[in-house]
Structure formats: C-alpha cells, structure tokens
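To start, the structure under review is shown below, and the notes come after it.
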Amino acid sequence: MKRNDFIRGRGAQHQVKNRFDALSYELRDDFLNYCAAEGEEATSAQTTLIDTFPRTIVNKVTSPDVGMEYSLNPYQGCEHGCVYCYARNSHEYWGYGPGLDFEQKILVKRNAVELLEQKLRSKSWKAAPIVLSGNTDCYQPIERKLEITRKLLQVFLKYKHPVGIITKNALIQRDVDILQELAKDNLVRVNLSITSLDEKTRQLLEPRTATIKKRLQTVELLASKNIPVSVMMAPIIPSINSHEILPLVKEISERGACGVGYTVVRLNGAIGEVFSEWIRKAMPDRAEKVLHQIAECHGGNLNDSRFGTRMKGDGNISDQVAQQFAIARKLYLKGRERPVLNCELHEQYKDGQMKLF
C-alpha cells in the first residue's frame with residue numbers, strides 16, 4: 001500500500017462490512033476510474049448526523065474490568081476517528097460499519113437530557129456515579145454546536161448527583177463553570193485521555209482530537225479550579241507510545257493531575273482489520289513489528305476477551321509497561337489520590353430542590 005493512499009483526517013482507511021449484514025458492497029476499479037475521469041468523488045467524506053430518540057439513557061455496566069457501574073452516551077459513533085477505539089464494534093449494532101461509518105455517521109440522542117432527568121427523579125434510583133461517556137466521547141466535535149453534554153451536566157448539578165467524565169477534547173474547558181459547582185460538593189471527576197506527548201503521533205492515531213498542547217493546558221486549567229482531573233494513557237501501543245510512559249506521567253504531574261491510568265491496546269472484532277489496514281499505510285516500516293508485539297501482549301492474538309487480563313495484557317511487554325507505571329506513580333504522583341465521589345446529597349434533591357423536612 002502506498003503512503004499517498006492515506007486518508008488524512010480519518011483513522012479508519014476503508015469501509016468495513018457490518019458482520020450482521022447479509023449483503024455488502026465494494027468499490028470496483030471501473031467505478032473508481034469513472035469517478036477519476038469525471039472529476040467526482042467516489043465516496044462522501046462528510047459527517048452525517050442521525051437523530052435518535054432512545055427509551056433509556058443510563059446503561060448498567062457489567063464488565064469487571066472497566067471501573068464504572070453506570071454510563072451515559074449522548075452520541076454513538078465518534079468523529080474523533082481514533083484508529084484503536086474499542087467502541088467501533090458497537091456501531092455494528094446500530095446497522096453501520098465499524099470503519100469509516102463509525103467516524104462519519106454520528107447518532108445523536110436528542111432526548112438524552114429529558115431521559116436523564118426522569119432517571120434521577122425516579123423513586124427507585126439510588127445515587128451512583130454515572131460516567132460520561134463509557135463508549136464514545138461526550139465532547140466530540142458536534143458537541144460544540146449541540147451542547148447536549150453541557151445540558152446533562154446542568155441536570156447533574158440540579159439534582160446534586162455524582163458524575164464522571166472521560167474525554168480527549170479540550171472543549172470540556174467550556175463547561176468549567178458547571179464543573180466548579182459540582183466539585184464544591186465532590187460530585188465530579190474528570191479523566192482526560194492523553195496517549196502521547198508527540199503531536200505527529202497524535203495526528204496519526206487520533207486525527208480529529210484536540211492537540212496534545214491543548215489537552216495538557218486542560219489538565220492544568222481543571223486542576224487550578226480544584227476540579228479533580230486524572231489522565232488515562234490509553235491505550236499503550238508497543239513501539240508507538242510505550243516509550244513515553246515516564247515523561248508523560250512527569251508532565252501531567254507538573255500540570256496538577258491527581259492520578260494516571262492505562263490500558264494495553266487490544267484489537268477485538270473489526271478493530272483488528274481497521275488497525276492493521278491503518279498501520280500498514282501510516283507506519284509501513286514498523287507495521288509488522290507493532291502487530292507482533294500487540295499479539296505478544298495477548299497470548300499470541302491481536303484480540304483478547306479474557307476478563308482480568310484483557311485490559312492490561314500479559315507477557316514480558318505488558319509486565320514492562322506495568323513496571324514503568326509503578327515507577328512513574330512513585331516518582332511523580334506519590335501521595336495523590338483520586339477522590340471518591342459523593343453519593344449522599346442526591347436523595348435530598350430528587351425533586352430538583354433541597355428537601356427541608
């Protein structure tokens with residue numbers, strides 16, 4: 001594959017067939033030649049928004065490896081286009097492909113705010129942290145216009161309910177006013193994803209995300225406002241960012257982060273095809289080495305579904321990664337702790353205001 005075939009601004013480099021579809025299509029050479037002769041694009045590069053109106057919005061998370069009990073995703077699909085994203089497989093359940101479809105067809109849950117308010121007012125609901133988002137980024141580009149995530153945070157504040165946030169977008173800075181109010185009662189914790197300190201690596205792995213500079217500035221801003229912020233270095237990809245663990249943890253420590261977490265990349269389902277196609281175009285000189293090292297972390301396979309080991313891997317490379325993080329935490333984050341969120345206030349605010357009696 002030629003490097004000049006690389007689709008800039010996207011992670012996936014091709015459409016991937018939905019495994020649940022009986023039929024599939026392919027772009028034939030004669031059609032591509034016709035488009036080239038006529039000066040037409042064979043496919044559209046535009047992002048399409050698809051309105052949806054689900055019946056529920058808060059999801060129970062049963063996986064023992066994820067570290068959250070409930071999640072809420074205002075969007076499905078993600079324009080950030082991170083090539084390694086585990087959420088790509090979930091796009092197949094909506095009838096779309098996990099490749100370019102995942103980045104170009106974004107499902108918008110238009111009634112998310114109303115559904116959350118109904119949930120928090122429910123007599124049977126007992127407060128537990130709800131994470132935005134367990135699957136796709138709640139601050140992806142369309143959020144700048146739609147502001148669904150901001151409105152959700154306003155609901156969490158109104159009902160004094162704990163919320164966690166996972167994002168790799170500096171757009172979260174827009175909502176510092178709400179986050180500060182939540183933080184006063186220990187109702188919010190932010191996890192900012194920073195995979196690398198190298199901007200060129202970021203551009204290849206995560207083409208439509210905020211720059212590394214902006215993400216580091218975001219860590220510093222949130223910490224300065226007393227909003228608990230930790231960093232997820234996820235995923236660790238051997239021979240791509242595995243050498244950056246100590247310098248990255250040192251950098252976020254100096255910016256005020258209260259903790260760091262990580263996962264080792266795993267390429268389950270269609271992600272193996274998406275990632276393999278991408279790396280052979282983006283990094284042809286080391287593609288096979290990286291793929292072999294990923295497999296070494298997962299018992300010889302690119303994919304890994306084993307609870308307990310799938311997120312961190314096993315073998316020599318995974319052990320080295322774990323040791324580096326242990327050293328980094330000891331050197332740069334000693335004595336810092338991520339707060340346990342407050343679940344005690346919500347019951348008093350179930351009707352949207354403080355109960356006096």
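Chain labels follow the order of the structure tokens: the first chain is A, the next B, and so on; residue numbering restarts at 1 in every chain, and ligands are counted from 1 in their shown order.
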
Within 7 Å of Cys343 (chain A), counting only C-alpha atoms, which residues qualify if same-chain residues fewer than 6 places away don't, as a PDB file with N, CA and C atoms, in the first residue's frame?
```pdb
ATOM      1  N   ALA A 127     -28.411   6.853  44.131  1.00  0.00           N
ATOM      2  CA  ALA A 127     -27.281   7.563  43.527  1.00  0.00           C
ATOM      3  C   ALA A 127     -26.036   6.687  43.442  1.00  0.00           C
ATOM      4  N   ALA A 128     -25.446   6.684  42.262  1.00  0.00           N
ATOM      5  CA  ALA A 128     -24.166   6.031  41.998  1.00  0.00           C
ATOM      6  C   ALA A 128     -23.537   6.804  40.844  1.00  0.00           C
ATOM      7  N   HIS A 161     -26.054  15.128  41.810  1.00  0.00           N
ATOM      8  CA  HIS A 161     -25.762  13.729  41.539  1.00  0.00           C
ATOM      9  C   HIS A 161     -24.331  13.585  41.016  1.00  0.00           C
ATOM     10  N   PRO A 162     -23.588  12.576  41.482  1.00  0.00           N
ATOM     11  CA  PRO A 162     -22.188  12.407  41.056  1.00  0.00           C
ATOM     12  C   PRO A 162     -22.062  11.991  39.594  1.00  0.00           C
TER      13      PRO A 162
END
```

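Considering only region 149-299 of chain A, backbone DSSP assigns strand (DSSP E or B) to Val163, Gly164, Ile165, Ile166, Thr167, Val188, Arg189, Val190, Asn191, Leu192, Ser193, Val229, Ser230, Val231, Met232, Met233, Ala234, Pro235, Ile236, Val260, Gly261, Tyr262, Thr263 and Val264 of chain A.
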
Could you make a table, as CSV, of the residues of region 56-77 of chain A that have an atom within 7 Å of an atom of region 98-107 of chain A, each with its nearest atom pair and distance in Å to one decimal, counting only C-alpha atoms, in chain and number order?
```
residue,atom,partner,partner_atom,distance
A:Tyr75,CA,A:Leu107,CA,5.6
A:Gln76,CA,A:Leu107,CA,4.9
A:Gly77,CA,A:Phe102,CA,4.8
```

Those same residues - C-alpha atoms - I'd like them written as a compact mmCIF listing (two decimals), in the first residue's frame.
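The resulting out33.txt:
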```txt
# COMPACT_ATOMS: atom_id res chain seq x y z
CA TYR A 75 -23.65 10.21 20.99
CA GLN A 76 -22.93 6.91 19.23
CA GLY A 77 -20.12 6.85 16.71
```

For region 314-319 of chain A: contacts at 9 Å, only C-alpha atoms, fewer than 5 positions along chain excluded, given as a list in words: Pro238, Val264, Gln293, Ile294, Glu296, Cys297, His298, Gly299, Thr309 and Gln324 of chain A

Would you save the residues from that selection as an mmCIF file, in the first residue's frame, using C-alpha atoms?
```
data_model
loop_
_atom_site.group_PDB
_atom_site.id
_atom_site.type_symbol
_atom_site.label_atom_id
_atom_site.label_comp_id
_atom_site.auth_asym_id
_atom_site.auth_seq_id
_atom_site.Cartn_x
_atom_site.Cartn_y
_atom_site.Cartn_z
ATOM 1 C CA PRO A 238 4.138 -1.201 21.811
ATOM 2 C CA VAL A 264 -2.741 -2.034 26.729
ATOM 3 C CA GLN A 293 4.199 -7.068 19.795
ATOM 4 C CA ILE A 294 0.489 -6.412 20.333
ATOM 5 C CA GLU A 296 2.631 -10.918 22.322
ATOM 6 C CA CYS A 297 0.666 -8.990 24.955
ATOM 7 C CA HIS A 298 -2.419 -11.152 24.431
ATOM 8 C CA GLY A 299 -1.313 -14.753 24.255
ATOM 9 C CA THR A 309 -6.083 -9.674 31.718
ATOM 10 C CA GLN A 324 7.097 1.593 34.277
#
```

Within 8 Å of Gly308 (chain A) using only C-alpha atoms, minus same-chain residues under 3 positions, as a PDB file with N, CA, C and O atoms, in the first residue's frame:
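Below you can see out-v5.pdb, which holds the result:
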```pdb
ATOM      1  N   PRO A  64     -16.289  -6.421  34.697  1.00  0.00           N
ATOM      2  CA  PRO A  64     -15.499  -6.204  35.908  1.00  0.00           C
ATOM      3  C   PRO A  64     -14.199  -5.441  35.653  1.00  0.00           C
ATOM      4  O   PRO A  64     -13.508  -5.063  36.586  1.00  0.00           O
ATOM      5  N   ASP A  65     -13.867  -5.182  34.386  1.00  0.00           N
ATOM      6  CA  ASP A  65     -12.581  -4.571  34.045  1.00  0.00           C
ATOM      7  C   ASP A  65     -12.643  -3.069  33.802  1.00  0.00           C
ATOM      8  O   ASP A  65     -11.605  -2.422  33.706  1.00  0.00           O
ATOM      9  N   MET A 311      -7.410  -5.960  29.633  1.00  0.00           N
ATOM     10  CA  MET A 311      -7.132  -4.533  29.621  1.00  0.00           C
ATOM     11  C   MET A 311      -5.645  -4.215  29.799  1.00  0.00           C
ATOM     12  O   MET A 311      -5.163  -3.191  29.321  1.00  0.00           O
TER      13      MET A 311
END
```

Which is closest to His91 (chain A) among A:Asn301, A:Asn135, A:Thr201, A:Thr218, if we use only C-alpha atoms?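 Selected residue with least distance to His91 (chain A): A:Asn135.
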
For a quick check of understanding, using only C-alpha atoms, which of A:Leu197, A:Val274, A:Ala87, A:Ala322 has the smallest distance to Glu251 (chain A)?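 The shortest atom-to-atom distance to Glu251 (chain A) comes from A:Leu197.
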
Computed interatomic separation between CA of Cys258 (chain A) and CA of Leu222 (chain A) (Å):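 Computing the Euclidean distance for CA of Cys258 (chain A) and CA of Leu222 (chain A) yields 10.9 Å.
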
Which of these, A:Asn169, A:Ser193, A:Gln118, A:Ser71, has the shortest distance to Glu143 (chain A) once you count only C-alpha atoms?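 Under the stated criterion, the closest residue is A:Asn169.
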
Which residues are near Leu120 (chain A)? Cut-off 9 Å, only C-alpha atoms, ignore same chain within fewer than 6 positions. Put them as a PyMOL selection string. chain A and resi 126-127+155-156+159+161+346+350-351

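The nearest approach to Glu244 (chain A) among the residues A:Ser63, A:Thr136, A:Ser230, A:Ser196, with only C-alpha atoms taken into account, belongs to A:Ser196.
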
Env of Ile279 (chain A): 10 Å cut, atoms = only C-alpha atoms, seq-sep filter 4 positions within chain, self excluded. Answer as a ChimeraX atom specification. /A:11-13,83,204-205,274-275,283-288,290-291

Using only C-alpha atoms, determine which residues lie at most 10 Å from Gln217 (chain A), disregarding the query and same-chain residues fewer than 5 positions distant; provide the list as a PyMOL selection string. chain A and resi 170+173+211-212+222-223+252+255

Counting only C-alpha atoms, figure out which residue out of A:Leu72, A:Val113, A:Val58, A:Ile227 gets nearest to Ala257 (chain A).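 Looking only at the distances to Ala257 (chain A), the closest residue turns out to be A:Ile227.
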